[in-house]
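Q: Handing you a structure now.
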Amino acid sequence: MTTTQYSTSQASSGASGRKTKAPPPPRRRRRTVNGVEPPGLIMRAIKGVVLTAACAAVVLPFLGILSTSISSPEHVTRNGGFVILPDTLNFGAYQSILSGGVVTQALAVSGFVTIAGTLLSLFVTSLLGYALARPGAFGMKAMLLLVLFSLLFSPGMIPSYLVVKEVGLIDSLWALIVPSLVSGFNVIVIRAFFSQIPSELLESARIDGAGEWQIFSRICLPLSKAVLAVIGLFYAVSYWNAFFNALLYLNDSAKWPLQLVLRTYVVNNAQLDQGDLSGVMESMPPQPSIQMAILVLSLVPILIVYPFLQKHFAKGVLTGAVKG
Amino acid sequence: MHEFATEKEFSRRNFGRGSLGVLALAALGGPLLSACSPGASGGGAAAQAKGTLPDFIRYEGVTPDLKGTDLGIPDVFYRYPAQPVKALGQAPGDGKAITSMVQTSSPIPPGVDKNAYWQELNRRLGSDLQISMTPATDYPSKFATVVAGDSLPDIFQVARGANSVPQLLQAKAANLTKHLSGGAIKDYPFLANIPSESWSAAMFGGEIFAIPIPRGVLQSTIQYRREDLLAAKGITAQPTSFQEYLSLCKELSNPKGNTWALTQVPINFIAQTLNVPNGWREEGGKLTSKDETPEMKEALEAGRKMFADGVVNPDAFAANAGQFKQWFLAGTAYFTGDSYSAWPAYYQQAAGQEGFKISALDVPGFDGGKGSLWIGSPTHSVVAFNKGAGDRLETFLHVANWLAAPFGTEEYLFRKYGVEGVHYALSGTDPVPLDSGVGQTQLGQQYLADAPTVLYLPGEEDVVKAQYEQMNRVLPDGTASPVEGLYSETEVRKGGQLEKKLRSVRDDILQGRQAVTAWDDAVKDWRSGGGDKIRAELEEALAASKA
């Protein structure tokens, strides 16, 4: 009762004093994505600028490399050795590189080493990973420790050279593959992947009469395409980029891979200070357009491969990272 | 100074241990290179007093247009002789393959099966010359590994900055003394044509274990200037003091136009204007490092001022030697430091630039008068022959002799330029490399044996004349290193690392990050870290060489 009276008096005093306030408009609900409000216009603009700058930081050097490689040598020299936009389309640098036969041969060597090396490495690594993923396998712990040891300590240049020499691989392309056939890191990643395959699946295969080889090849490998793609990419990139083992093990420069040939064009004279110019830098480095052209040649194959493997990449890497 | 190790003492482990140091240095970004200072180029000073250098018998078969001098200034040729002399009658090889290992600074050539030059070289040598090439920056690593693996080829270039060179050569290299010492060298007339000052780097324990790759004075670093660009601004006179140079640099620098006077702080040039010693100063058998002198601090202060005044490309400390060359060629810098050997190379690279012209600064005194150019080592490196060569040693020496045939001979023409019509065309009597053949001739053969350098740039008589005249103006007042050819094991093992630390402080000072007084502490660290030991070893070697 008291309440009603109070209400009435409020209403009457309001009517006599000032106009009744209009009810507030219904609050506009902001759209959300997964429960998170999208950023405002300013934030989006800032993000756009930052992302554009980040992309430019990646793309511009590539653009510069490409442009320098197809510019006329005079234009490049006038601009201090590096241009962002070419003056003409001049493929003289590529002609110069590819005409001698050295680079094409080096490309073939790198291609062989990368393909053969990656396939063999995948085969060996997955076998080892599978064995290490089976609890109770003979010598598993010792083997695992050895793999981990190889992650922490590398054998060093001279001991590696002595081993390669003793097994007769000096001046053989296999010297570029065999010593780096297994990477401890990749073994750990693939072992983690194999470990998460339900043991019931393997048990049922075993009950159906499958041997270890069949389980490995018909069940484990088909389930591991993502991690195999990622590890394959790791191996391929490392085989493609390797140059130091070729430097040590290959006396015949006709067998050099592309990266080592590239080194003689680009890096050879690049690490010198004024005091060191004498003696070491006895010849002018090649024209920048030639240096950049050979960089393009070395980059393109890996750039072509990446997009095809990208979809596997996150999944494969995350598996190793989380389950390792 | 150093007792020689026996072959047993020079074990793989010993060398490997030292090599790890070398490799660690290499990993640190090339401080090894600083161990390539003249003092580290090899040479057992203690033994030089006892040993007999090979006689110097100048080759007189070709007459230069301007004659070189005893100061190491090379002969000048305006054009290649019309009828090159065939200096050797028969092929030096024995029909069997010869293996070898060298560094290279050039892009790698095609393999022998696709390389007409290499095939012809083998035919002329009478042996298949198998050359294992390694990029110059990686050569010390390769060399250390090959030595440790006991896989040295028949002929090998000793890596600049390699450890334990005297011990290594005595253990692994053939002793050449009886073949080359004194008058015995006359059987190899082109090795005899290598000046005596280069041979000191090839002698260890009084005996000859290697042959030198001579470079005369071409390894001296000078301050180049863009004569064409300066002339366009009406500037022709040389600066006569540091202050004049700095004023000129200020006048030329235009950061808004992306142009600076200098590619980098010319600290060595400034030091030379202050008569800072070339590496070491010797007084009564006692050595003082250039870094210990008060003049060096003055040079640092002057360099710091130059950088602060904005006359140096601001990217100088992040750039490398190749970029300096590009800036200089592009005309975004008017002055740059480089070795004498770059003089003709700049013209070759600038082909197509109308009116391109360079010259070099003389070395004025800091406050007027005369400074003193640091004369570079006369030896690039040394080349040794496998100890297991046996009776093939003479064949190897004859091959080296063939490879050292001097300018003007038919052998030299082929060695440097290849075959007419395939690798070069004649313009008058001068060989002009053809695009199709130019990549084939860079086998690194100039690091197996080489003739004394000459000044020669086809069709550019004025250029070589200008270089010759500049040399004659500057070199008489130049300073050679008092420890040239002397060997200090500590310098080889630690010198690069110590030098790197000093350079780091030097660069901080030049960029204004540290005061010049920081130099004193840096030098103190250098002394305690091994500098004093290097000094002691070099003083000992110096005393022995004078005994």
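Residues in the structure tokens are named by chain (A, B, ... in the order shown) and by number from 1 within that chain; ligands are numbered from 1 in the order shown.
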With only C-alpha atoms as the counted atoms, please give the residues lying no more than 8 Å from region 399-415 of chain B, apart from itself and same-chain residues fewer than 5 positions off, as a PDB file with C-alpha atoms, in the first residue's frame.
A:
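Generated file (around08.pdb):
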ATOM      1  CA  TYR B  59     113.572 -12.412 -66.752  1.00  0.00           C
ATOM      2  CA  VAL B  62     110.331  -8.902 -72.540  1.00  0.00           C
ATOM      3  CA  TYR B  80     100.746  -6.949 -75.018  1.00  0.00           C
ATOM      4  CA  PRO B  81     103.830  -7.742 -77.091  1.00  0.00           C
ATOM      5  CA  PRO B  84     104.760 -13.229 -77.446  1.00  0.00           C
ATOM      6  CA  VAL B  85     107.867 -15.187 -76.621  1.00  0.00           C
ATOM      7  CA  LYS B  86     107.432 -18.921 -76.259  1.00  0.00           C
ATOM      8  CA  ALA B  87     109.518 -19.145 -73.156  1.00  0.00           C
ATOM      9  CA  LEU B  88     109.554 -22.890 -72.578  1.00  0.00           C
ATOM     10  CA  PRO B  92     106.536 -29.653 -68.033  1.00  0.00           C
ATOM     11  CA  GLY B  93     104.213 -32.497 -67.073  1.00  0.00           C
ATOM     12  CA  LEU B 121      95.841 -26.186 -70.103  1.00  0.00           C
ATOM     13  CA  LEU B 125     101.133 -28.896 -69.287  1.00  0.00           C
ATOM     14  CA  TYR B 188     113.390 -22.986 -62.912  1.00  0.00           C
ATOM     15  CA  PRO B 189     113.926 -19.570 -64.516  1.00  0.00           C
ATOM     16  CA  PHE B 190     110.444 -18.242 -63.857  1.00  0.00           C
ATOM     17  CA  LEU B 191     110.555 -19.137 -60.195  1.00  0.00           C
ATOM     18  CA  THR B 441      89.750 -19.293 -67.276  1.00  0.00           C
ATOM     19  CA  GLN B 445      95.725 -21.402 -61.121  1.00  0.00           C
ATOM     20  CA  GLN B 446      97.238 -18.069 -60.076  1.00  0.00           C
ATOM     21  CA  LEU B 448      99.488 -22.481 -57.585  1.00  0.00           C
ATOM     22  CA  ALA B 449     102.282 -20.291 -58.927  1.00  0.00           C
ATOM     23  CA  ASP B 450     102.317 -16.863 -60.440  1.00  0.00           C
ATOM     24  CA  ALA B 451     104.576 -14.357 -62.103  1.00  0.00           C
ATOM     25  CA  PRO B 452     105.396 -10.985 -60.545  1.00  0.00           C
ATOM     26  CA  VAL B 454     102.624  -5.940 -63.829  1.00  0.00           C
TER      27      VAL B 454
END
Q: Name the residues of region 196-384 of chain B that come out as strand (DSSP E) in a backbone DSSP run; write them as a PyMOL selection string.
A: chain B and resi 203-204+207-208+211-214+221-226+260-262+280-283+286-289+333-339+358-360+379-384
Q: Those same residues, written as a short mmCIF file (atom, residue, chain, number, x, y, z; two decimals), in the first residue's frame with N, CA and C atoms?
A:
data_model
loop_
_atom_site.label_atom_id
_atom_site.label_comp_id
_atom_site.auth_asym_id
_atom_site.auth_seq_id
_atom_site.Cartn_x
_atom_site.Cartn_y
_atom_site.Cartn_z
N MET B 203 110.36 -19.61 -46.42
CA MET B 203 111.48 -20.29 -45.76
C MET B 203 111.17 -20.55 -44.30
N PHE B 204 111.44 -21.74 -43.89
CA PHE B 204 111.22 -22.12 -42.50
C PHE B 204 112.42 -22.94 -42.04
N GLU B 207 115.29 -23.43 -44.37
CA GLU B 207 115.10 -24.24 -45.58
C GLU B 207 113.84 -23.80 -46.31
N ILE B 208 113.80 -24.13 -47.57
CA ILE B 208 112.68 -23.67 -48.40
C ILE B 208 111.65 -24.79 -48.48
N ILE B 211 106.81 -22.23 -52.38
CA ILE B 211 107.11 -21.13 -53.31
C ILE B 211 106.07 -20.02 -53.05
N PRO B 212 106.51 -18.78 -53.17
CA PRO B 212 105.58 -17.68 -52.87
C PRO B 212 104.75 -17.25 -54.07
N ILE B 213 103.59 -16.69 -53.78
CA ILE B 213 102.79 -16.03 -54.82
C ILE B 213 103.06 -14.54 -54.66
N PRO B 214 103.85 -13.96 -55.56
CA PRO B 214 104.30 -12.58 -55.35
C PRO B 214 103.22 -11.57 -55.74
N THR B 221 96.95 -0.83 -49.28
CA THR B 221 95.62 -0.21 -49.40
C THR B 221 95.76 1.30 -49.50
N ILE B 222 95.11 1.86 -50.49
CA ILE B 222 95.20 3.31 -50.72
C ILE B 222 93.80 3.91 -50.72
N GLN B 223 93.76 5.22 -50.79
CA GLN B 223 92.48 5.92 -50.79
C GLN B 223 92.18 6.38 -52.22
N TYR B 224 91.22 5.69 -52.86
CA TYR B 224 90.85 6.05 -54.24
C TYR B 224 89.92 7.25 -54.25
N ARG B 225 89.93 7.96 -55.36
CA ARG B 225 88.98 9.06 -55.51
C ARG B 225 88.40 9.07 -56.91
N ARG B 226 87.16 9.54 -57.02
CA ARG B 226 86.51 9.63 -58.32
C ARG B 226 86.96 10.92 -59.01
N TRP B 260 77.63 10.71 -50.18
CA TRP B 260 78.57 11.07 -49.11
C TRP B 260 79.97 11.03 -49.69
N ALA B 261 80.87 11.74 -49.06
CA ALA B 261 82.24 11.77 -49.59
C ALA B 261 82.90 10.40 -49.47
N LEU B 262 82.61 9.69 -48.37
CA LEU B 262 83.38 8.47 -48.07
C LEU B 262 82.48 7.25 -47.92
N TRP B 280 103.72 -2.57 -36.67
CA TRP B 280 104.61 -2.45 -35.52
C TRP B 280 105.67 -1.37 -35.80
N ARG B 281 106.13 -0.74 -34.72
CA ARG B 281 107.28 0.16 -34.83
C ARG B 281 108.44 -0.52 -34.12
N GLU B 282 109.60 -0.55 -34.79
CA GLU B 282 110.75 -1.21 -34.19
C GLU B 282 111.79 -0.16 -33.79
N GLU B 283 112.20 -0.21 -32.53
CA GLU B 283 113.27 0.68 -32.05
C GLU B 283 114.21 -0.15 -31.20
N LYS B 286 113.04 -3.53 -30.08
CA LYS B 286 111.80 -3.55 -29.32
C LYS B 286 110.64 -3.12 -30.22
N LEU B 287 109.55 -3.80 -30.07
CA LEU B 287 108.40 -3.52 -30.93
C LEU B 287 107.28 -2.81 -30.18
N THR B 288 106.67 -1.87 -30.86
CA THR B 288 105.49 -1.20 -30.33
C THR B 288 104.37 -1.36 -31.35
N SER B 289 103.25 -1.86 -30.91
CA SER B 289 102.13 -2.04 -31.83
C SER B 289 101.58 -0.68 -32.25
N ALA B 333 79.68 7.84 -53.59
CA ALA B 333 80.81 8.14 -52.71
C ALA B 333 81.96 8.61 -53.60
N TYR B 334 82.72 9.56 -53.10
CA TYR B 334 83.83 10.10 -53.89
C TYR B 334 85.16 9.43 -53.56
N PHE B 335 85.25 8.89 -52.35
CA PHE B 335 86.52 8.27 -51.92
C PHE B 335 86.24 6.90 -51.33
N THR B 336 87.14 5.98 -51.56
CA THR B 336 87.02 4.67 -50.91
C THR B 336 88.40 4.06 -50.74
N GLY B 337 88.54 3.24 -49.72
CA GLY B 337 89.81 2.55 -49.52
C GLY B 337 89.80 1.22 -50.25
N ASP B 338 90.89 0.93 -50.92
CA ASP B 338 90.98 -0.37 -51.61
C ASP B 338 92.45 -0.62 -51.93
N SER B 339 92.75 -1.85 -52.35
CA SER B 339 94.15 -2.16 -52.63
C SER B 339 94.54 -1.68 -54.02
N ILE B 358 89.35 7.35 -62.24
CA ILE B 358 89.72 7.36 -60.83
C ILE B 358 91.20 7.68 -60.68
N SER B 359 91.54 8.08 -59.50
CA SER B 359 92.96 8.22 -59.16
C SER B 359 93.06 7.93 -57.66
N ALA B 360 94.22 8.14 -57.11
CA ALA B 360 94.35 7.86 -55.68
C ALA B 360 94.99 9.05 -54.98
N THR B 379 103.92 -10.77 -50.49
CA THR B 379 103.55 -12.15 -50.78
C THR B 379 102.08 -12.37 -50.46
N HIS B 380 101.37 -12.94 -51.40
CA HIS B 380 99.95 -13.23 -51.15
C HIS B 380 99.81 -14.44 -50.24
N SER B 381 100.49 -15.50 -50.60
CA SER B 381 100.44 -16.75 -49.84
C SER B 381 101.57 -17.63 -50.35
N VAL B 382 101.72 -18.80 -49.77
CA VAL B 382 102.76 -19.71 -50.27
C VAL B 382 102.14 -21.04 -50.68
N VAL B 383 102.85 -21.72 -51.57
CA VAL B 383 102.35 -22.98 -52.13
C VAL B 383 103.39 -24.07 -51.87
N ALA B 384 102.93 -25.19 -51.33
CA ALA B 384 103.86 -26.27 -50.99
C ALA B 384 103.53 -27.53 -51.79
#
Q: Find the residues around Phe244 (chain A) up to 12 Å (only C-alpha atoms counted), leave out those fewer than 4 positions away in its own chain, and share them as a ChimeraX atom specification.
A: /A:157,160-161,175-176,180,238-240,248-250,256-261,263 /B:134-135,137-139,141-142,145
Q: So, with only C-alpha atoms as the atoms that count, which of A:Phe185, A:Phe82, A:Phe149, A:Phe216 lies closest to chain B?
A: A:Phe82
Q: Would you mind listing what lies within 7 Å of region 50-58 of chain B as number ranges by chain, with only C-alpha atoms counted and same-chain residues fewer than 6 positions away left out?
A: B: 180-183, 185, 192-196, 199, 206-207
Q: Would you save the residues from that selection as a compact mmCIF listing (two decimals), in the first residue's frame, using N, CA and C atoms?
A:
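Final file, again20.txt:
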# COMPACT_ATOMS: atom_id res chain seq x y z
N LEU B 180 116.01 -25.25 -55.01
CA LEU B 180 115.77 -23.83 -55.25
C LEU B 180 116.77 -22.90 -54.56
N SER B 181 117.47 -23.38 -53.59
CA SER B 181 118.34 -22.51 -52.81
C SER B 181 119.46 -21.91 -53.68
N GLY B 182 119.75 -20.65 -53.47
CA GLY B 182 120.85 -20.01 -54.17
C GLY B 182 120.73 -20.13 -55.68
N GLY B 183 121.81 -20.59 -56.32
CA GLY B 183 121.83 -20.68 -57.77
C GLY B 183 121.09 -21.89 -58.31
N ILE B 185 118.20 -22.53 -58.31
CA ILE B 185 116.88 -22.18 -58.86
C ILE B 185 116.95 -21.89 -60.36
N ALA B 192 112.79 -18.25 -60.49
CA ALA B 192 113.91 -17.36 -60.16
C ALA B 192 113.57 -15.90 -60.41
N ASN B 193 112.54 -15.68 -61.22
CA ASN B 193 112.11 -14.31 -61.55
C ASN B 193 111.24 -13.71 -60.45
N ILE B 194 110.96 -14.49 -59.40
CA ILE B 194 110.17 -13.98 -58.27
C ILE B 194 111.12 -13.22 -57.34
N PRO B 195 110.79 -11.97 -57.02
CA PRO B 195 111.73 -11.15 -56.21
C PRO B 195 112.02 -11.77 -54.85
N SER B 196 113.22 -11.51 -54.36
CA SER B 196 113.70 -12.14 -53.13
C SER B 196 112.80 -11.86 -51.93
N TRP B 199 110.34 -14.44 -51.08
CA TRP B 199 110.78 -15.77 -50.69
C TRP B 199 110.91 -15.95 -49.18
N GLY B 206 115.43 -22.17 -42.01
CA GLY B 206 116.57 -22.03 -42.90
C GLY B 206 116.43 -22.82 -44.19
N GLU B 207 115.29 -23.43 -44.37
CA GLU B 207 115.10 -24.24 -45.58
C GLU B 207 113.84 -23.80 -46.31
Q: Would you kindly return, as a list of chain:residue names, each protein, DNA or RNA residue with an atom no farther than 12 Å from any atom of His75 (chain A), considering only C-alpha atoms and excluding same-chain residues fewer than 6 positions away?
A: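 Final neighbour list, sorted by chain and number: A:Ser67, A:Thr68, A:Ser69, A:Gly81, A:Phe82, A:Val83, A:Ile84, A:Leu85, A:Pro86, A:Asp87, A:Thr88, A:Leu89, A:Asn90, A:Gln287, A:Pro288, A:Ser289, B:Gln326, B:Leu329, B:Ala330, B:Ala350, B:Gly352, B:Gln353.
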Q: For the residues in the current selection, export N, CA and C atoms as a PDB file, in the first residue's frame.
A:
ATOM      1  N   SER A  67      64.075  -7.386 -59.154  1.00  0.00           N
ATOM      2  CA  SER A  67      64.261  -6.217 -60.016  1.00  0.00           C
ATOM      3  C   SER A  67      65.729  -6.039 -60.380  1.00  0.00           C
ATOM      4  N   THR A  68      66.599  -6.197 -59.382  1.00  0.00           N
ATOM      5  CA  THR A  68      68.029  -6.027 -59.661  1.00  0.00           C
ATOM      6  C   THR A  68      68.500  -7.064 -60.678  1.00  0.00           C
ATOM      7  N   SER A  69      67.931  -8.260 -60.574  1.00  0.00           N
ATOM      8  CA  SER A  69      68.385  -9.329 -61.473  1.00  0.00           C
ATOM      9  C   SER A  69      67.977  -9.069 -62.916  1.00  0.00           C
ATOM     10  N   GLY A  81      73.995  -0.541 -56.537  1.00  0.00           N
ATOM     11  CA  GLY A  81      74.039  -1.997 -56.451  1.00  0.00           C
ATOM     12  C   GLY A  81      72.715  -2.669 -56.136  1.00  0.00           C
ATOM     13  N   PHE A  82      71.645  -1.895 -55.940  1.00  0.00           N
ATOM     14  CA  PHE A  82      70.362  -2.526 -55.598  1.00  0.00           C
ATOM     15  C   PHE A  82      69.230  -1.605 -56.027  1.00  0.00           C
ATOM     16  N   VAL A  83      68.277  -2.146 -56.796  1.00  0.00           N
ATOM     17  CA  VAL A  83      67.139  -1.318 -57.216  1.00  0.00           C
ATOM     18  C   VAL A  83      65.833  -2.000 -56.817  1.00  0.00           C
ATOM     19  N   ILE A  84      64.827  -1.199 -56.551  1.00  0.00           N
ATOM     20  CA  ILE A  84      63.517  -1.756 -56.202  1.00  0.00           C
ATOM     21  C   ILE A  84      62.678  -1.969 -57.458  1.00  0.00           C
ATOM     22  N   LEU A  85      62.847  -1.076 -58.420  1.00  0.00           N
ATOM     23  CA  LEU A  85      62.118  -1.237 -59.679  1.00  0.00           C
ATOM     24  C   LEU A  85      63.114  -1.271 -60.831  1.00  0.00           C
ATOM     25  N   PRO A  86      62.921  -2.186 -61.769  1.00  0.00           N
ATOM     26  CA  PRO A  86      63.869  -2.289 -62.887  1.00  0.00           C
ATOM     27  C   PRO A  86      63.652  -1.183 -63.904  1.00  0.00           C
ATOM     28  N   ASP A  87      64.704  -0.854 -64.643  1.00  0.00           N
ATOM     29  CA  ASP A  87      64.543   0.132 -65.707  1.00  0.00           C
ATOM     30  C   ASP A  87      64.073  -0.534 -66.993  1.00  0.00           C
ATOM     31  N   THR A  88      64.563  -1.757 -67.201  1.00  0.00           N
ATOM     32  CA  THR A  88      64.134  -2.501 -68.397  1.00  0.00           C
ATOM     33  C   THR A  88      63.963  -3.961 -67.996  1.00  0.00           C
ATOM     34  N   LEU A  89      63.507  -4.735 -68.942  1.00  0.00           N
ATOM     35  CA  LEU A  89      63.504  -6.184 -68.703  1.00  0.00           C
ATOM     36  C   LEU A  89      64.750  -6.742 -69.380  1.00  0.00           C
ATOM     37  N   ASN A  90      65.778  -6.923 -68.604  1.00  0.00           N
ATOM     38  CA  ASN A  90      67.046  -7.359 -69.155  1.00  0.00           C
ATOM     39  C   ASN A  90      67.406  -8.710 -68.526  1.00  0.00           C
ATOM     40  N   GLN A 287      78.886  -8.717 -61.127  1.00  0.00           N
ATOM     41  CA  GLN A 287      77.881  -7.656 -61.164  1.00  0.00           C
ATOM     42  C   GLN A 287      76.722  -8.008 -60.232  1.00  0.00           C
ATOM     43  N   PRO A 288      76.158  -6.997 -59.538  1.00  0.00           N
ATOM     44  CA  PRO A 288      75.048  -7.284 -58.632  1.00  0.00           C
ATOM     45  C   PRO A 288      73.877  -7.983 -59.326  1.00  0.00           C
ATOM     46  N   SER A 289      73.638  -7.622 -60.600  1.00  0.00           N
ATOM     47  CA  SER A 289      72.504  -8.260 -61.278  1.00  0.00           C
ATOM     48  C   SER A 289      72.725  -9.770 -61.386  1.00  0.00           C
TER      49      SER A 289
ATOM     50  N   GLN B 326      80.532  -0.882 -54.895  1.00  0.00           N
ATOM     51  CA  GLN B 326      79.353  -0.468 -55.657  1.00  0.00           C
ATOM     52  C   GLN B 326      79.026   1.005 -55.436  1.00  0.00           C
ATOM     53  N   LEU B 329      81.549   3.006 -57.385  1.00  0.00           N
ATOM     54  CA  LEU B 329      81.270   2.942 -58.822  1.00  0.00           C
ATOM     55  C   LEU B 329      80.032   3.749 -59.175  1.00  0.00           C
ATOM     56  N   ALA B 330      79.044   3.726 -58.271  1.00  0.00           N
ATOM     57  CA  ALA B 330      77.795   4.438 -58.550  1.00  0.00           C
ATOM     58  C   ALA B 330      77.952   5.940 -58.397  1.00  0.00           C
ATOM     59  N   ALA B 350      83.547  -0.718 -64.490  1.00  0.00           N
ATOM     60  CA  ALA B 350      82.813   0.503 -64.850  1.00  0.00           C
ATOM     61  C   ALA B 350      82.664   0.649 -66.358  1.00  0.00           C
ATOM     62  N   GLY B 352      81.330   1.097 -69.715  1.00  0.00           N
ATOM     63  CA  GLY B 352      79.971   1.556 -70.038  1.00  0.00           C
ATOM     64  C   GLY B 352      79.656   2.864 -69.348  1.00  0.00           C
ATOM     65  N   GLN B 353      80.424   3.210 -68.326  1.00  0.00           N
ATOM     66  CA  GLN B 353      80.230   4.521 -67.681  1.00  0.00           C
ATOM     67  C   GLN B 353      81.073   5.542 -68.424  1.00  0.00           C
TER      68      GLN B 353
END
Q: May I have the residues within 7 Å of Val102 (chain B) as a count of residues only, using only C-alpha atoms and disregarding those fewer than 3 positions away in the same chain?
A: 8
Q: Contacts of Gly111 (chain A) at 12 Å or less, counting only C-alpha atoms, minus same-chain residues fewer than 4 places along, as a count of residues only?
A: 22
Q: For chain A, which residue among B:Leu542, B:Ala536, B:Ile155, B:Ile267 is the nearest when counting only C-alpha atoms?
A: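 Among the listed residues, B:Ile267 lies closest to chain A.
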Q: Choose the residue, out of A:Ser224, A:Leu127, A:Leu162, A:Ser99, that has the smallest atom-to-atom separation from Pro110 (chain B); count only C-alpha atoms.
A: A:Ser99
Q: Smallest atom-to-atom distance to Gly184 (chain A): which of A:Phe308, A:Tyr235, A:Phe138, A:Trp213, using only C-alpha atoms?
A: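 The shortest atom-to-atom distance to Gly184 (chain A) comes from A:Tyr235.
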Q: Please compute the CA of Arg191 (chain A)-CA of Gly156 (chain A) distance, one decimal, in Å.
A: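 Between CA of Arg191 (chain A) and CA of Gly156 (chain A) the gap is 26.2 Å.
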Q: Please measure the separation of CA of Ser488 (chain B) and CA of Ile534 (chain B), giving the value in Å to one decimal.
A: 6.2 Å
Q: Go through A:Asp208, A:Glu203, A:Glu37, A:Glu74 and flag the residue nearest chain B, using only C-alpha atoms for the distances.
A: A:Glu74
Q: Rounded to one decimal, what separation in Å do you get between CA of Gly365 (chain B) and CA of Thr240 (chain B)?
A: 7.1 Å
Q: For the helix (DSSP H, G or I) assignment from backbone DSSP, which residues of region 115-335 of chain B qualify? Please present them as a count of residues only.
A: 106
Q: Could you check the closest approach to chain A for each of B:Ala202, B:Val312, B:Ala321, B:Met306 and tell me which residue wins, using only C-alpha atoms?
A: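 Using only C-alpha atoms, the shortest distance to chain A belongs to B:Ala321.
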